[in-house]
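**Student:** One structure, pasted below without further comment.
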Amino acid sequence: MKTGILGGTFDPIHLGHLSIALAARDELGLDEVLLMPAKVSPFKQSKKHAPDSDRIRMVELAAEDLSRVRVSRWEIERNEVSYTYNTLDTLEREHPEIQFVFLMGTDSFLQLETWYHGKELLRRFSFALAPRPGFQRSEYEKKLDRYRDQYGAKVSVLRNEMIPVSSTDIRMRVKQGKSLRGLVPESVEQYIYEHRLYQEIS
């Protein structure tokens, strides 16, 4: 079995995230893709975010009509910083029958070597890179070649639709009372406004 993992704060989840999940599912022939909200991102420990229950519910709403895409509470139910190395190491030991592929955008990929046990991550696990708007192809291709040469990294490059959207922009639009059409699933937009999320978060 081959399973993709797309992690993140998902504060909130948006169509850019979903384009990565669907591209990986179809291009890599994955049996499933797990959307895995982080309890606490190592890069956002000092930042406020929406309550865990709201973030997980928005991810559930976004995934409910997508085939072979489901939500994992694995990280969010652990009261600790969500380090990718710990997650993949534990999941591989618990499920040796599953081949896991970690999905990531260009910004994360370029910094992967500096992550917690980053060099070991690159040596041990499989990745799929989803190009994001705002980055030149030459930026990630140079890094990709080095990761492969130095660590024997196993990395696939996806042909996902690059949607110019970020969670930060969405939160700002909510604060300004603007529509989120074309940025998040309709059910997620409805949930955000019904529950008055991001009214005070920049």
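Chain identifiers are assigned as A, B, and so on, following the order in which chains appear in the structure tokens; residues are numbered from 1 within each chain, and ligands are numbered from 1 in order of appearance.
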Name the residues of segment 12-70 of chain A that fall into strand (DSSP E) according to DSSP on the backbone, using the chain letters and numbers of this document, as a PDB file with N, CA, C and O atoms, in the first residue's frame.
**Tutor:**
ATOM      1  N   GLU A  32      -4.110   6.191  -0.995  1.00  0.00           N
ATOM      2  CA  GLU A  32      -4.813   7.214  -0.229  1.00  0.00           C
ATOM      3  C   GLU A  32      -3.859   8.357   0.084  1.00  0.00           C
ATOM      4  O   GLU A  32      -2.638   8.200   0.047  1.00  0.00           O
ATOM      5  N   VAL A  33      -4.443   9.504   0.388  1.00  0.00           N
ATOM      6  CA  VAL A  33      -3.684  10.646   0.876  1.00  0.00           C
ATOM      7  C   VAL A  33      -4.266  11.031   2.230  1.00  0.00           C
ATOM      8  O   VAL A  33      -5.486  11.174   2.378  1.00  0.00           O
ATOM      9  N   LEU A  34      -3.398  11.172   3.217  1.00  0.00           N
ATOM     10  CA  LEU A  34      -3.816  11.592   4.550  1.00  0.00           C
ATOM     11  C   LEU A  34      -3.548  13.087   4.711  1.00  0.00           C
ATOM     12  O   LEU A  34      -2.416  13.542   4.525  1.00  0.00           O
ATOM     13  N   LEU A  35      -4.586  13.840   5.028  1.00  0.00           N
ATOM     14  CA  LEU A  35      -4.421  15.236   5.413  1.00  0.00           C
ATOM     15  C   LEU A  35      -4.204  15.246   6.914  1.00  0.00           C
ATOM     16  O   LEU A  35      -5.082  14.829   7.673  1.00  0.00           O
ATOM     17  N   MET A  36      -3.047  15.690   7.363  1.00  0.00           N
ATOM     18  CA  MET A  36      -2.648  15.524   8.766  1.00  0.00           C
ATOM     19  C   MET A  36      -2.360  16.878   9.423  1.00  0.00           C
ATOM     20  O   MET A  36      -1.236  17.377   9.372  1.00  0.00           O
ATOM     21  N   PRO A  37      -3.371  17.485  10.044  1.00  0.00           N
ATOM     22  CA  PRO A  37      -3.133  18.754  10.744  1.00  0.00           C
ATOM     23  C   PRO A  37      -2.131  18.581  11.889  1.00  0.00           C
ATOM     24  O   PRO A  37      -2.183  17.603  12.630  1.00  0.00           O
ATOM     25  N   VAL A  69      -8.994  10.419  -0.257  1.00  0.00           N
ATOM     26  CA  VAL A  69      -8.390  11.467   0.566  1.00  0.00           C
ATOM     27  C   VAL A  69      -9.107  11.459   1.906  1.00  0.00           C
ATOM     28  O   VAL A  69     -10.340  11.572   1.951  1.00  0.00           O
ATOM     29  N   ARG A  70      -8.371  11.284   2.983  1.00  0.00           N
ATOM     30  CA  ARG A  70      -9.014  11.261   4.288  1.00  0.00           C
ATOM     31  C   ARG A  70      -8.190  12.038   5.311  1.00  0.00           C
ATOM     32  O   ARG A  70      -7.053  12.422   5.048  1.00  0.00           O
TER      33      ARG A  70
END
**Student:** Residues at most 9 Å from segment 77-88 of chain A, counting only C-alpha atoms, excluding those fewer than 2 positions away in the same chain, as number ranges by chain?
**Tutor:** A: 7, 38-42, 45, 73-75, 90-93, 100, 102, 115-118, 120-121, 125
**Student:** Filtering to N, CA, C and O atoms, could you give me those residues as a PDB file, in the first residue's frame?
**Tutor:**
ATOM      1  N   GLY A   7       0.977  17.262   5.524  1.00  0.00           N
ATOM      2  CA  GLY A   7       0.845  17.856   6.847  1.00  0.00           C
ATOM      3  C   GLY A   7       0.806  19.367   6.767  1.00  0.00           C
ATOM      4  O   GLY A   7       1.031  19.964   5.709  1.00  0.00           O
ATOM      5  N   ALA A  38      -1.230  19.547  12.000  1.00  0.00           N
ATOM      6  CA  ALA A  38      -0.226  19.512  13.059  1.00  0.00           C
ATOM      7  C   ALA A  38      -0.824  20.014  14.369  1.00  0.00           C
ATOM      8  O   ALA A  38      -1.649  20.927  14.377  1.00  0.00           O
ATOM      9  N   LYS A  39      -0.397  19.418  15.472  1.00  0.00           N
ATOM     10  CA  LYS A  39      -0.770  19.945  16.786  1.00  0.00           C
ATOM     11  C   LYS A  39      -0.111  21.306  16.985  1.00  0.00           C
ATOM     12  O   LYS A  39      -0.762  22.315  17.223  1.00  0.00           O
ATOM     13  N   VAL A  40       1.223  21.312  16.870  1.00  0.00           N
ATOM     14  CA  VAL A  40       1.994  22.553  16.925  1.00  0.00           C
ATOM     15  C   VAL A  40       3.093  22.440  15.881  1.00  0.00           C
ATOM     16  O   VAL A  40       3.925  21.542  15.949  1.00  0.00           O
ATOM     17  N   SER A  41       3.101  23.325  14.900  1.00  0.00           N
ATOM     18  CA  SER A  41       4.160  23.320  13.906  1.00  0.00           C
ATOM     19  C   SER A  41       5.459  23.812  14.534  1.00  0.00           C
ATOM     20  O   SER A  41       5.448  24.784  15.286  1.00  0.00           O
ATOM     21  N   PRO A  42       6.591  23.170  14.225  1.00  0.00           N
ATOM     22  CA  PRO A  42       7.873  23.644  14.760  1.00  0.00           C
ATOM     23  C   PRO A  42       8.167  25.083  14.358  1.00  0.00           C
ATOM     24  O   PRO A  42       8.912  25.785  15.044  1.00  0.00           O
ATOM     25  N   GLN A  45       5.454  27.953  16.665  1.00  0.00           N
ATOM     26  CA  GLN A  45       5.192  27.689  18.076  1.00  0.00           C
ATOM     27  C   GLN A  45       4.726  28.930  18.827  1.00  0.00           C
ATOM     28  O   GLN A  45       4.034  28.825  19.825  1.00  0.00           O
ATOM     29  N   ARG A  73      -5.898  12.262  12.419  1.00  0.00           N
ATOM     30  CA  ARG A  73      -5.745  13.017  13.669  1.00  0.00           C
ATOM     31  C   ARG A  73      -4.448  12.640  14.390  1.00  0.00           C
ATOM     32  O   ARG A  73      -4.268  12.998  15.553  1.00  0.00           O
ATOM     33  N   TRP A  74      -3.572  11.937  13.705  1.00  0.00           N
ATOM     34  CA  TRP A  74      -2.392  11.355  14.350  1.00  0.00           C
ATOM     35  C   TRP A  74      -1.559  12.413  15.080  1.00  0.00           C
ATOM     36  O   TRP A  74      -1.179  12.229  16.239  1.00  0.00           O
ATOM     37  N   GLU A  75      -1.251  13.527  14.410  1.00  0.00           N
ATOM     38  CA  GLU A  75      -0.423  14.553  15.056  1.00  0.00           C
ATOM     39  C   GLU A  75      -1.225  15.433  15.997  1.00  0.00           C
ATOM     40  O   GLU A  75      -0.752  15.786  17.081  1.00  0.00           O
ATOM     41  N   THR A  90       7.747   6.959  13.362  1.00  0.00           N
ATOM     42  CA  THR A  90       6.778   6.160  14.121  1.00  0.00           C
ATOM     43  C   THR A  90       5.808   5.438  13.188  1.00  0.00           C
ATOM     44  O   THR A  90       5.521   4.247  13.367  1.00  0.00           O
ATOM     45  N   LEU A  91       5.298   6.144  12.188  1.00  0.00           N
ATOM     46  CA  LEU A  91       4.339   5.514  11.272  1.00  0.00           C
ATOM     47  C   LEU A  91       4.973   4.360  10.491  1.00  0.00           C
ATOM     48  O   LEU A  91       4.330   3.328  10.280  1.00  0.00           O
ATOM     49  N   GLU A  92       6.216   4.519  10.086  1.00  0.00           N
ATOM     50  CA  GLU A  92       6.884   3.428   9.357  1.00  0.00           C
ATOM     51  C   GLU A  92       7.071   2.211  10.245  1.00  0.00           C
ATOM     52  O   GLU A  92       6.926   1.067   9.796  1.00  0.00           O
ATOM     53  N   ARG A  93       7.400   2.437  11.516  1.00  0.00           N
ATOM     54  CA  ARG A  93       7.578   1.307  12.431  1.00  0.00           C
ATOM     55  C   ARG A  93       6.259   0.637  12.762  1.00  0.00           C
ATOM     56  O   ARG A  93       6.183  -0.591  12.895  1.00  0.00           O
ATOM     57  N   PHE A 100       5.134   5.183   2.761  1.00  0.00           N
ATOM     58  CA  PHE A 100       4.678   6.549   2.969  1.00  0.00           C
ATOM     59  C   PHE A 100       5.460   7.518   2.078  1.00  0.00           C
ATOM     60  O   PHE A 100       6.668   7.375   1.884  1.00  0.00           O
ATOM     61  N   PHE A 102       5.871  11.704   1.762  1.00  0.00           N
ATOM     62  CA  PHE A 102       5.540  12.988   2.385  1.00  0.00           C
ATOM     63  C   PHE A 102       5.449  14.060   1.314  1.00  0.00           C
ATOM     64  O   PHE A 102       6.380  14.266   0.527  1.00  0.00           O
ATOM     65  N   TRP A 115      15.548  21.074   8.718  1.00  0.00           N
ATOM     66  CA  TRP A 115      14.515  20.618   9.647  1.00  0.00           C
ATOM     67  C   TRP A 115      15.120  19.720  10.721  1.00  0.00           C
ATOM     68  O   TRP A 115      16.270  19.280  10.617  1.00  0.00           O
ATOM     69  N   TYR A 116      14.321  19.423  11.728  1.00  0.00           N
ATOM     70  CA  TYR A 116      14.714  18.482  12.785  1.00  0.00           C
ATOM     71  C   TYR A 116      15.087  17.147  12.140  1.00  0.00           C
ATOM     72  O   TYR A 116      14.281  16.539  11.448  1.00  0.00           O
ATOM     73  N   HIS A 117      16.333  16.706  12.327  1.00  0.00           N
ATOM     74  CA  HIS A 117      16.864  15.494  11.684  1.00  0.00           C
ATOM     75  C   HIS A 117      16.678  15.547  10.169  1.00  0.00           C
ATOM     76  O   HIS A 117      16.375  14.532   9.532  1.00  0.00           O
ATOM     77  N   GLY A 118      16.877  16.745   9.606  1.00  0.00           N
ATOM     78  CA  GLY A 118      16.635  16.936   8.183  1.00  0.00           C
ATOM     79  C   GLY A 118      17.452  16.038   7.275  1.00  0.00           C
ATOM     80  O   GLY A 118      16.935  15.495   6.288  1.00  0.00           O
ATOM     81  N   GLU A 120      18.700  13.124   7.953  1.00  0.00           N
ATOM     82  CA  GLU A 120      18.204  11.748   8.073  1.00  0.00           C
ATOM     83  C   GLU A 120      16.859  11.596   7.373  1.00  0.00           C
ATOM     84  O   GLU A 120      16.564  10.551   6.791  1.00  0.00           O
ATOM     85  N   LEU A 121      16.030  12.643   7.431  1.00  0.00           N
ATOM     86  CA  LEU A 121      14.778  12.632   6.680  1.00  0.00           C
ATOM     87  C   LEU A 121      15.039  12.361   5.205  1.00  0.00           C
ATOM     88  O   LEU A 121      14.380  11.523   4.579  1.00  0.00           O
ATOM     89  N   PHE A 125      13.397   8.733   3.905  1.00  0.00           N
ATOM     90  CA  PHE A 125      11.990   8.756   3.503  1.00  0.00           C
ATOM     91  C   PHE A 125      11.790   9.264   2.074  1.00  0.00           C
ATOM     92  O   PHE A 125      12.693   9.851   1.477  1.00  0.00           O
TER      93      PHE A 125
END
**Student:** Would you compute the distance between atom CA of Thr3 of chain A and atom CA of Glu27 of chain A? Give it in Å to one decimal.
**Tutor:**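 Going from atom CA of Thr3 of chain A over to atom CA of Glu27 of chain A covers 12.6 Å.
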**Student:** Excluding Ala63 of chain A and any residue of its chain fewer than 6 positions from it, enumerate the residues within 12 Å of it, using only C-alpha atoms, and give them as an mmCIF file with N, CA and C atoms, in the first residue's frame.
**Tutor:**
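Now in selection-v2.cif:
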data_model
loop_
_atom_site.group_PDB
_atom_site.id
_atom_site.type_symbol
_atom_site.label_atom_id
_atom_site.label_comp_id
_atom_site.auth_asym_id
_atom_site.auth_seq_id
_atom_site.Cartn_x
_atom_site.Cartn_y
_atom_site.Cartn_z
ATOM 1 N N ILE A 13 -7.342 25.215 5.895
ATOM 2 C CA ILE A 13 -7.043 24.474 4.670
ATOM 3 C C ILE A 13 -7.621 25.241 3.485
ATOM 4 N N HIS A 14 -6.933 25.178 2.327
ATOM 5 C CA HIS A 14 -7.414 25.901 1.156
ATOM 6 C C HIS A 14 -7.218 25.062 -0.109
ATOM 7 N N LEU A 15 -7.627 25.609 -1.239
ATOM 8 C CA LEU A 15 -7.593 24.857 -2.491
ATOM 9 C C LEU A 15 -6.173 24.557 -2.957
ATOM 10 N N HIS A 17 -3.785 23.526 -0.954
ATOM 11 C CA HIS A 17 -3.494 22.265 -0.269
ATOM 12 C C HIS A 17 -4.146 21.100 -1.007
ATOM 13 N N LEU A 18 -5.396 21.277 -1.374
ATOM 14 C CA LEU A 18 -6.137 20.179 -2.010
ATOM 15 C C LEU A 18 -5.575 19.847 -3.389
ATOM 16 N N SER A 19 -5.071 20.857 -4.109
ATOM 17 C CA SER A 19 -4.485 20.577 -5.425
ATOM 18 C C SER A 19 -3.254 19.690 -5.291
ATOM 19 N N ALA A 21 -2.765 17.453 -2.797
ATOM 20 C CA ALA A 21 -3.250 16.118 -2.424
ATOM 21 C C ALA A 21 -3.759 15.356 -3.638
ATOM 22 N N LEU A 22 -4.526 16.020 -4.488
ATOM 23 C CA LEU A 22 -5.124 15.349 -5.641
ATOM 24 C C LEU A 22 -4.078 15.030 -6.704
ATOM 25 N N GLU A 32 -4.110 6.191 -0.995
ATOM 26 C CA GLU A 32 -4.813 7.214 -0.229
ATOM 27 C C GLU A 32 -3.859 8.357 0.084
ATOM 28 N N VAL A 33 -4.443 9.504 0.388
ATOM 29 C CA VAL A 33 -3.684 10.646 0.876
ATOM 30 C C VAL A 33 -4.266 11.031 2.230
ATOM 31 N N LEU A 34 -3.398 11.172 3.217
ATOM 32 C CA LEU A 34 -3.816 11.592 4.550
ATOM 33 C C LEU A 34 -3.548 13.087 4.711
ATOM 34 N N LEU A 35 -4.586 13.840 5.028
ATOM 35 C CA LEU A 35 -4.421 15.236 5.413
ATOM 36 C C LEU A 35 -4.204 15.246 6.914
ATOM 37 N N MET A 36 -3.047 15.690 7.363
ATOM 38 C CA MET A 36 -2.648 15.524 8.766
ATOM 39 C C MET A 36 -2.360 16.878 9.423
ATOM 40 N N ILE A 56 -9.475 20.865 12.522
ATOM 41 C CA ILE A 56 -9.732 19.495 12.073
ATOM 42 C C ILE A 56 -11.080 19.403 11.370
ATOM 43 N N ARG A 57 -12.070 20.156 11.850
ATOM 44 C CA ARG A 57 -13.386 20.119 11.209
ATOM 45 C C ARG A 57 -13.336 20.712 9.806
ATOM 46 N N VAL A 69 -8.994 10.419 -0.257
ATOM 47 C CA VAL A 69 -8.390 11.467 0.566
ATOM 48 C C VAL A 69 -9.107 11.459 1.906
ATOM 49 N N ARG A 70 -8.371 11.284 2.983
ATOM 50 C CA ARG A 70 -9.014 11.261 4.288
ATOM 51 C C ARG A 70 -8.190 12.038 5.311
ATOM 52 N N VAL A 71 -8.779 12.258 6.455
ATOM 53 C CA VAL A 71 -8.166 13.071 7.500
ATOM 54 C C VAL A 71 -7.537 12.179 8.562
ATOM 55 N N SER A 72 -6.333 12.532 8.964
ATOM 56 C CA SER A 72 -5.661 11.818 10.051
ATOM 57 C C SER A 72 -5.513 12.745 11.252
ATOM 58 N N VAL A 184 -11.039 28.618 -0.963
ATOM 59 C CA VAL A 184 -11.325 27.478 -0.078
ATOM 60 C C VAL A 184 -12.609 26.810 -0.567
ATOM 61 N N PRO A 185 -12.843 25.550 -0.197
ATOM 62 C CA PRO A 185 -14.125 24.933 -0.528
ATOM 63 C C PRO A 185 -15.275 25.737 0.085
ATOM 64 N N GLU A 186 -16.412 25.727 -0.566
ATOM 65 C CA GLU A 186 -17.559 26.501 -0.087
ATOM 66 C C GLU A 186 -17.939 26.125 1.337
ATOM 67 N N SER A 187 -17.858 24.833 1.654
ATOM 68 C CA SER A 187 -18.222 24.381 3.000
ATOM 69 C C SER A 187 -17.274 24.947 4.056
ATOM 70 N N VAL A 188 -16.001 25.128 3.688
ATOM 71 C CA VAL A 188 -15.022 25.691 4.625
ATOM 72 C C VAL A 188 -15.282 27.187 4.821
#
**Student:** Please provide the set of residues having any atom within 12 Å of Met172 of chain A, restricted to only C-alpha atoms, with same-chain residues fewer than 5 positions apart removed, written as a list in words.
**Tutor:** Asp11, Pro12, Val165, Ser166, Ser167, Gly177, Lys178, Ser179, Leu180, Leu197, Tyr198, Gln199, Glu200, Ile201 and Ser202 of chain A
**Student:** Those same residues - N, CA, C and O atoms - I'd like them written as a tab-separated table (two decimals), in the first residue's frame.
**Tutor:**
chain	number	residue	atom	x	y	z
A	11	ASP	N	-4.62	26.34	8.63
A	11	ASP	CA	-5.26	27.39	9.44
A	11	ASP	C	-5.66	28.59	8.58
A	11	ASP	O	-5.16	29.69	8.80
A	12	PRO	N	-6.60	28.39	7.61
A	12	PRO	CA	-7.37	27.17	7.33
A	12	PRO	C	-6.81	26.41	6.12
A	12	PRO	O	-5.95	26.93	5.39
A	165	VAL	N	-2.62	31.19	-3.46
A	165	VAL	CA	-3.40	31.39	-2.24
A	165	VAL	C	-2.56	30.97	-1.05
A	165	VAL	O	-1.73	30.06	-1.15
A	166	SER	N	-2.74	31.65	0.08
A	166	SER	CA	-2.07	31.26	1.32
A	166	SER	C	-3.06	31.42	2.47
A	166	SER	O	-4.00	32.20	2.38
A	167	SER	N	-2.83	30.67	3.53
A	167	SER	CA	-3.69	30.76	4.71
A	167	SER	C	-3.64	32.15	5.32
A	167	SER	O	-4.64	32.66	5.81
A	177	GLY	N	-13.88	40.86	5.90
A	177	GLY	CA	-15.23	40.51	5.49
A	177	GLY	C	-15.38	40.19	4.02
A	177	GLY	O	-16.48	40.28	3.46
A	178	LYS	N	-14.29	39.79	3.38
A	178	LYS	CA	-14.32	39.52	1.94
A	178	LYS	C	-14.69	38.06	1.65
A	178	LYS	O	-14.53	37.19	2.49
A	179	SER	N	-15.13	37.83	0.42
A	179	SER	CA	-15.46	36.48	-0.03
A	179	SER	C	-14.20	35.63	-0.15
A	179	SER	O	-13.11	36.14	-0.47
A	180	LEU	N	-14.35	34.34	0.08
A	180	LEU	CA	-13.25	33.39	-0.06
A	180	LEU	C	-13.46	32.48	-1.27
A	180	LEU	O	-12.80	31.45	-1.40
A	197	LEU	N	-14.45	32.61	12.88
A	197	LEU	CA	-13.01	32.37	13.00
A	197	LEU	C	-12.24	33.52	12.36
A	197	LEU	O	-12.70	34.18	11.44
A	198	TYR	N	-11.05	33.74	12.85
A	198	TYR	CA	-10.08	34.70	12.28
A	198	TYR	C	-10.55	36.14	12.34
A	198	TYR	O	-10.03	36.98	11.61
A	199	GLN	N	-11.48	36.43	13.20
A	199	GLN	CA	-11.93	37.83	13.31
A	199	GLN	C	-10.84	38.72	13.91
A	199	GLN	O	-10.79	39.91	13.61
A	200	GLU	N	-9.99	38.15	14.75
A	200	GLU	CA	-8.96	38.93	15.42
A	200	GLU	C	-7.56	38.47	15.07
A	200	GLU	O	-6.60	38.90	15.67
A	201	ILE	N	-7.44	37.55	14.11
A	201	ILE	CA	-6.12	37.02	13.77
A	201	ILE	C	-5.66	37.63	12.46
A	201	ILE	O	-6.40	37.64	11.48
A	202	SER	N	-4.46	38.17	12.44
A	202	SER	CA	-3.95	38.78	11.22
A	202	SER	C	-3.31	37.72	10.34
A	202	SER	O	-3.04	36.62	10.78
**Student:** What does the distance from atom CA of Arg148 of chain A to atom CA of Leu103 of chain A come to in Å, to one decimal?
**Tutor:**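 A separation of 16.6 Å between them.
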**Student:** Quote the spacing between atom CA of Glu189 of chain A and atom CA of Val101 of chain A in Å to one decimal place.
**Tutor:**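 Taking atom CA of Glu189 of chain A and atom CA of Val101 of chain A, their separation equals 29.2 Å.
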**Student:** Give me, as a VMD selection string, the residues of chain A that a backbone DSSP run labels alpha helix (DSSP H).
**Tutor:** chain A and resid 15 to 27 52 to 63 84 to 94 106 to 111 118 to 124 137 to 151 167 to 175 186 to 194
**Student:** With only C-alpha atoms as the basis for distance, which of A:Gly4, A:Gly16, A:Gly105, A:Pro51 is at the shortest distance from Ile163 of chain A?
**Tutor:**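 Of A:Gly4, A:Gly16, A:Gly105, A:Pro51, the one nearest Ile163 of chain A, counting only C-alpha atoms, is A:Gly16.
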**Student:** Which residues are close to Ala130 of chain A, i.e. within 10 Å by only C-alpha atoms, leaving aside same-chain residues fewer than 5 positions away? Reply as a ChimeraX atom specification.
**Tutor:** /A:16-17,19-21,23-24,103-109,156-162
